[in-house]
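For reference, model-v7.tsv is printed below; it contains TSV, C-alpha atoms and all ligand atoms.
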chain	number	residue	atom	x	y	z
A	1	MET	CA	24.99	18.67	12.02
A	2	ASN	CA	24.60	16.61	15.20
A	3	PHE	CA	22.26	13.67	15.84
A	4	SER	CA	19.52	15.85	17.26
A	5	ASP	CA	19.53	17.99	14.09
A	6	PHE	CA	19.28	14.86	11.96
A	7	GLU	CA	16.52	13.35	14.12
A	8	ASN	CA	14.61	16.60	13.85
A	9	LEU	CA	14.99	16.61	10.06
A	10	VAL	CA	13.71	13.03	9.85
A	11	LYS	CA	10.76	13.79	12.12
A	12	THR	CA	9.87	16.96	10.25
A	13	ARG	CA	9.91	15.29	6.83
A	14	GLN	CA	6.43	14.07	6.13
A	15	SER	CA	4.36	13.42	3.05
A	16	CYS	CA	2.86	16.74	2.08
A	17	ARG	CA	-0.61	16.59	0.60
A	18	ASP	CA	-1.47	20.26	0.99
A	19	PHE	CA	0.89	22.53	-0.90
A	20	ASN	CA	0.35	26.28	-0.72
A	21	ASP	CA	0.71	28.84	-3.52
A	22	LYS	CA	4.29	29.90	-2.78
A	23	PRO	CA	6.40	29.47	-5.92
A	24	LEU	CA	9.40	27.15	-5.81
A	25	GLU	CA	12.54	28.50	-7.44
A	26	LYS	CA	14.39	26.34	-9.94
A	27	GLU	CA	17.63	27.02	-8.02
A	28	ILE	CA	16.20	25.21	-4.99
A	29	VAL	CA	15.28	22.16	-7.07
A	30	ASP	CA	18.80	22.28	-8.48
A	31	LYS	CA	20.32	22.21	-4.98
A	32	ILE	CA	18.15	19.22	-4.06
A	33	VAL	CA	19.03	17.06	-7.07
A	34	LYS	CA	22.72	17.97	-7.04
A	35	THR	CA	22.91	16.75	-3.44
A	36	ALA	CA	20.70	13.68	-3.94
A	37	ARG	CA	22.86	12.42	-6.80
A	38	LEU	CA	25.64	11.92	-4.23
A	39	ALA	CA	23.67	9.05	-2.68
A	40	PRO	CA	25.42	5.66	-2.49
A	41	SER	CA	24.54	2.78	-4.83
A	42	ALA	CA	25.71	-0.79	-5.45
A	43	CYS	CA	29.15	-0.69	-7.14
A	44	ASN	CA	28.59	3.06	-7.34
A	45	SER	CA	26.48	2.25	-10.40
A	46	GLN	CA	24.08	5.20	-9.93
A	47	PRO	CA	21.26	3.50	-11.84
A	48	TRP	CA	19.13	6.63	-12.14
A	49	LYS	CA	18.44	9.79	-14.02
A	50	LEU	CA	16.67	12.69	-12.35
A	51	TYR	CA	14.15	14.50	-14.53
A	52	CYS	CA	13.38	17.88	-12.97
A	53	VAL	CA	10.10	19.42	-14.03
A	54	THR	CA	9.62	23.07	-13.12
A	55	ASP	CA	7.99	24.35	-16.31
A	56	ASN	CA	4.22	24.80	-15.77
A	57	GLU	CA	3.11	23.15	-18.98
A	58	LYS	CA	5.35	20.13	-18.53
A	59	ALA	CA	4.37	19.93	-14.86
A	60	GLU	CA	0.73	19.66	-15.95
A	61	GLU	CA	1.57	16.69	-18.19
A	62	VAL	CA	3.40	14.99	-15.33
A	63	ARG	CA	0.54	15.77	-12.93
A	64	ASN	CA	-1.90	14.10	-15.32
A	65	ALA	CA	0.19	10.94	-15.28
A	66	LEU	CA	0.11	10.86	-11.45
A	67	THR	CA	-3.57	11.54	-10.92
A	68	ASP	CA	-5.42	9.05	-13.09
A	69	ALA	CA	-8.35	7.12	-11.55
A	70	GLY	CA	-8.92	10.05	-9.20
A	71	LYS	CA	-5.72	9.51	-7.19
A	72	ASN	CA	-3.34	12.14	-5.79
A	73	THR	CA	-5.64	15.08	-6.53
A	74	PHE	CA	-3.66	17.18	-4.02
A	75	LEU	CA	-0.91	17.41	-6.64
A	76	LYS	CA	-2.77	20.26	-8.34
A	77	ASN	CA	-0.78	22.64	-6.13
A	78	ALA	CA	2.60	20.91	-6.34
A	79	LYS	CA	5.11	23.34	-7.81
A	80	ALA	CA	7.76	20.98	-9.18
A	81	PHE	CA	8.35	17.30	-9.76
A	82	ILE	CA	11.49	15.22	-9.65
A	83	ALA	CA	10.89	12.05	-11.64
A	84	VAL	CA	13.44	9.33	-10.97
A	85	ALA	CA	14.10	7.13	-13.99
A	86	GLU	CA	15.74	3.80	-13.27
A	87	LYS	CA	18.26	2.43	-15.73
A	88	ILE	CA	20.47	-0.61	-15.47
A	89	MET	CA	24.11	0.37	-15.18
A	90	PRO	CA	27.22	-1.83	-15.17
A	91	LEU	CA	28.07	-3.62	-11.93
A	92	LYS	CA	31.44	-5.14	-11.01
A	93	GLU	CA	32.07	-8.48	-12.69
A	94	ASP	CA	32.09	-10.58	-9.49
A	95	VAL	CA	28.87	-8.92	-8.31
A	96	LEU	CA	27.19	-9.66	-11.65
A	97	LYS	CA	28.22	-13.32	-11.36
A	98	ARG	CA	26.15	-13.62	-8.19
A	99	PHE	CA	23.31	-11.12	-8.69
A	100	SER	CA	21.20	-10.10	-11.65
A	101	SER	CA	21.92	-6.72	-13.22
A	102	ASN	CA	18.75	-5.21	-11.73
A	103	HIS	CA	19.09	-6.79	-8.27
A	104	PHE	CA	20.07	-3.59	-6.45
A	105	VAL	CA	18.37	-0.98	-8.61
A	106	LYS	CA	15.27	-0.43	-6.47
A	107	TYR	CA	17.34	-0.24	-3.27
A	108	ASP	CA	19.66	2.28	-4.90
A	109	VAL	CA	16.77	4.39	-6.16
A	110	GLY	CA	15.05	4.23	-2.76
A	111	GLU	CA	18.20	5.46	-1.08
A	112	MET	CA	18.51	8.35	-3.50
A	113	VAL	CA	14.83	9.27	-3.09
A	114	ALA	CA	15.38	9.49	0.66
A	115	TYR	CA	18.19	11.94	-0.02
A	116	VAL	CA	15.83	14.00	-2.22
A	117	THR	CA	13.17	14.26	0.49
A	118	LEU	CA	15.64	15.05	3.27
A	119	ALA	CA	17.55	17.58	1.17
A	120	ALA	CA	14.24	19.24	0.37
A	121	GLU	CA	13.18	19.28	4.02
A	122	SER	CA	16.50	20.84	5.04
A	123	LEU	CA	15.63	23.71	2.69
A	124	GLY	CA	12.10	24.03	4.08
A	125	VAL	CA	10.64	22.46	0.93
A	126	LYS	CA	7.85	19.94	1.47
A	127	SER	CA	7.64	16.73	-0.54
A	128	CYS	CA	5.50	13.73	-1.32
A	129	ILE	CA	6.83	10.56	-2.90
A	130	ILE	CA	4.42	9.36	-5.57
A	131	GLY	CA	4.28	5.73	-6.69
A	132	TRP	CA	0.80	5.87	-8.22
A	133	ILE	CA	1.88	6.51	-11.78
A	134	ASN	CA	0.56	5.92	-15.25
A	135	THR	CA	4.03	4.89	-16.36
A	136	GLU	CA	3.33	4.98	-20.10
A	137	ASN	CA	1.94	8.52	-19.99
A	138	LEU	CA	4.76	9.65	-17.73
A	139	ALA	CA	7.41	8.15	-20.01
A	140	ALA	CA	5.88	10.04	-22.93
A	141	ALA	CA	5.71	13.32	-20.96
A	142	LEU	CA	9.35	13.03	-19.88
A	143	GLY	CA	10.64	11.68	-23.19
A	144	LEU	CA	12.32	8.75	-21.46
A	145	ALA	CA	14.96	6.76	-23.34
A	146	PRO	CA	14.03	3.12	-24.11
A	147	ASP	CA	16.33	1.85	-21.32
A	148	GLU	CA	14.76	4.13	-18.69
A	149	GLN	CA	11.72	3.47	-16.55
A	150	CYS	CA	10.14	5.85	-14.07
A	151	ASN	CA	8.31	4.33	-11.10
A	152	ILE	CA	8.85	7.11	-8.57
A	153	VAL	CA	8.22	10.85	-8.67
A	154	ILE	CA	8.76	13.33	-5.84
A	155	ALA	CA	6.32	16.23	-5.77
A	156	LEU	CA	7.65	19.44	-4.22
A	157	GLY	CA	6.31	22.74	-2.94
A	158	TYR	CA	5.74	24.70	0.23
A	159	SER	CA	3.07	24.13	2.86
A	160	ASP	CA	1.60	25.63	6.03
A	161	ILE	CA	0.53	22.27	7.44
A	162	PRO	CA	1.97	21.54	10.92
A	163	VAL	CA	4.20	18.55	11.55
A	164	ARG	CA	2.19	15.40	12.34
A	165	GLU	CA	3.05	12.70	14.84
A	166	LYS	CA	4.59	9.78	12.89
A	167	VAL	CA	2.38	6.70	12.53
A	168	ARG	CA	4.69	3.69	12.54
A	169	LEU	CA	4.80	0.06	13.67
A	170	LYS	CA	6.02	-0.43	17.22
A	171	GLU	CA	9.82	-0.41	17.67
A	172	GLU	CA	9.76	-4.07	18.77
A	173	GLN	CA	7.95	-5.06	15.57
A	174	VAL	CA	10.67	-3.72	13.33
A	175	ILE	CA	13.85	-3.80	15.42
A	176	LYS	CA	15.41	-6.95	16.84
A	177	TYR	CA	18.75	-7.27	18.63
A	178	LEU	CA	20.50	-10.64	18.53
B	1	LIG	C1	7.42	4.11	-2.76
B	1	LIG	C2	6.39	5.08	-2.20
B	1	LIG	C3	5.26	5.37	-2.94
B	1	LIG	C4	4.32	6.28	-2.43
B	1	LIG	N1	3.24	6.65	-3.22
B	1	LIG	C5	2.37	7.59	-2.75
B	1	LIG	C6	1.32	8.07	-3.59
B	1	LIG	O1	1.16	7.70	-4.75
B	1	LIG	N2	0.47	9.01	-3.06
B	1	LIG	C7	0.63	9.48	-1.77
B	1	LIG	O2	-0.18	10.33	-1.36
B	1	LIG	N3	1.63	9.06	-0.97
B	1	LIG	C8	2.52	8.14	-1.43
B	1	LIG	N4	3.56	7.72	-0.64
B	1	LIG	C9	3.74	8.29	0.72
B	1	LIG	C10	3.43	7.27	1.83
B	1	LIG	O3	2.04	7.06	1.90
B	1	LIG	C11	3.99	7.84	3.16
B	1	LIG	O4	5.39	7.97	3.05
B	1	LIG	C12	3.68	6.96	4.37
B	1	LIG	O5	2.30	6.87	4.59
B	1	LIG	C13	4.34	7.50	5.65
B	1	LIG	O6	3.90	8.83	5.92
B	1	LIG	P1	4.92	10.05	6.01
B	1	LIG	O7	5.67	10.10	4.69
B	1	LIG	O8	4.06	11.26	6.19
B	1	LIG	O9	5.86	9.83	7.14
B	1	LIG	C14	4.51	6.85	-1.14
B	1	LIG	C15	5.67	6.53	-0.41
B	1	LIG	C16	6.61	5.68	-0.94
B	1	LIG	C17	7.88	5.41	-0.15

Render the structure in this file as structure tokens.
Amino acid sequence: MNFSDFENLVKTRQSCRDFNDKPLEKEIVDKIVKTARLAPSACNSQPWKLYCVTDNEKAEEVRNALTDAGKNTFLKNAKAFIAVAEKIMPLKEDVLKRFSSNHFVKYDVGEMVAYVTLAAESLGVKSCIIGWINTENLAAALGLAPDEQCNIVIALGYSDIPVREKVRLKEEQVIKYL
């Protein structure tokens, strides 16, 4: 892959809020998560567990936890969900002396979620990261362990929606050379 391929992948990845009816095979979800788990993390701690939901009944339970208060109604057509549970994992001793045990967890999870969305896009699978979650209901639906917490879910499926122009802050607002 060269830079132009990567740039194209990044520009094509967009939050999908209009999934079509095409089924999503479990094997594709498997490819996505097995690649995303290779993401880097502080001290290689990998403070995550990826719950893959492809079963229709379970997907409905997850969907309910992501659509309360009338939010995210477009998820009715999402074909699979990858719920990312965070869990505190051991860090190196010198790192722990300076930083709390959860200091890097959200950065690590964010990095891995980016891998999920880009892996999906490379396979032609559309995604939407979901942060609007009824965390208690989701934990019950997933059967999370007491030391796991899920604040991010990635909805997956296919779509016929064309690629949109990215809406972002101006380059000079977010990039500064010294
Ligand atoms: C942490 C996080 C939480 C998000 N939660 C939601 C959500 O609950 N519902 C939704 O429709 N989009 C959600 N999004 C998608 C963002 O709105 C979207 O990434 C942003 O507007 C940029 O648009 P783009 O992804 O199409 O480039 C979330 C994104 C992130 C990174």

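For the choices A:Leu38, A:Leu156, A:Ile133, A:Leu9, the atom-to-atom distance to ligand LIG 1 (chain B) is smallest for A:Ile133 when using only C-alpha atoms and all ligand atoms.
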
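Using all atoms listed in the file, the protein and nucleic acid residues lying at most 12 Å from the point (-3.6, 17.2, -3.5) are Ser15, Cys16, Arg17, Asp18, Phe19, Asn20, Arg63, Leu66, Thr67, Gly70, Lys71, Asn72, Thr73, Phe74, Leu75, Lys76, Asn77, Ala78, Lys79, Ser127, Cys128, Ile130, Ala155, Leu156, Gly157 and Ser159 of chain A.
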
Please save C-alpha atoms of the selected residues as an mmCIF file, keeping the file's coordinate frame.
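Listing of selection25.cif after writing:
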data_model
loop_
_atom_site.group_PDB
_atom_site.id
_atom_site.type_symbol
_atom_site.label_atom_id
_atom_site.label_comp_id
_atom_site.auth_asym_id
_atom_site.auth_seq_id
_atom_site.Cartn_x
_atom_site.Cartn_y
_atom_site.Cartn_z
ATOM 1 C CA SER A 15 4.360 13.420 3.050
ATOM 2 C CA CYS A 16 2.860 16.740 2.080
ATOM 3 C CA ARG A 17 -0.610 16.590 0.600
ATOM 4 C CA ASP A 18 -1.470 20.260 0.990
ATOM 5 C CA PHE A 19 0.890 22.530 -0.900
ATOM 6 C CA ASN A 20 0.350 26.280 -0.720
ATOM 7 C CA ARG A 63 0.540 15.770 -12.930
ATOM 8 C CA LEU A 66 0.110 10.860 -11.450
ATOM 9 C CA THR A 67 -3.570 11.540 -10.920
ATOM 10 C CA GLY A 70 -8.920 10.050 -9.200
ATOM 11 C CA LYS A 71 -5.720 9.510 -7.190
ATOM 12 C CA ASN A 72 -3.340 12.140 -5.790
ATOM 13 C CA THR A 73 -5.640 15.080 -6.530
ATOM 14 C CA PHE A 74 -3.660 17.180 -4.020
ATOM 15 C CA LEU A 75 -0.910 17.410 -6.640
ATOM 16 C CA LYS A 76 -2.770 20.260 -8.340
ATOM 17 C CA ASN A 77 -0.780 22.640 -6.130
ATOM 18 C CA ALA A 78 2.600 20.910 -6.340
ATOM 19 C CA LYS A 79 5.110 23.340 -7.810
ATOM 20 C CA SER A 127 7.640 16.730 -0.540
ATOM 21 C CA CYS A 128 5.500 13.730 -1.320
ATOM 22 C CA ILE A 130 4.420 9.360 -5.570
ATOM 23 C CA ALA A 155 6.320 16.230 -5.770
ATOM 24 C CA LEU A 156 7.650 19.440 -4.220
ATOM 25 C CA GLY A 157 6.310 22.740 -2.940
ATOM 26 C CA SER A 159 3.070 24.130 2.860
#

Which centre and edge lengths in Å to one decimal define the box along x, y and z that fits every listed atom of range 20-29 of chain A plus 5 Å per side, as AutoDock Vina command-line options?
--center_x 9.0 --center_y 26.0 --center_z -5.3 --size_x 27.3 --size_y 17.7 --size_z 19.2

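Comparing A:Gln14, A:Asn64, A:Ser101, A:Thr54 by their smallest distance to ligand LIG 1 (chain B), the closest is A:Gln14 (using all atoms listed in the file).
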
Could you tell me which of A:Thr117, A:Asn151, A:Ser45, A:Thr35 comes closest to Gly131 in chain A if we count only C-alpha atoms? A:Asn151

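As for CA of Ile82 in chain A and CA of Cys52 in chain A, they are spaced 4.7 Å apart.
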
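Near Val84 in chain A, within a cut-off of 7 Å and counting all atoms listed in the file, sit the residues Trp48, Lys49, Leu50, Tyr51, Cys150, Ile152 and Val153 of chain A, with same-chain residues fewer than 3 positions away left out.
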
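The smallest atom-to-atom distance between ligand LIG 1 (chain B) and any of A:Ala65, A:Val174, A:Leu142, A:Cys43, using only C-alpha atoms and all ligand atoms, is found for A:Ala65.
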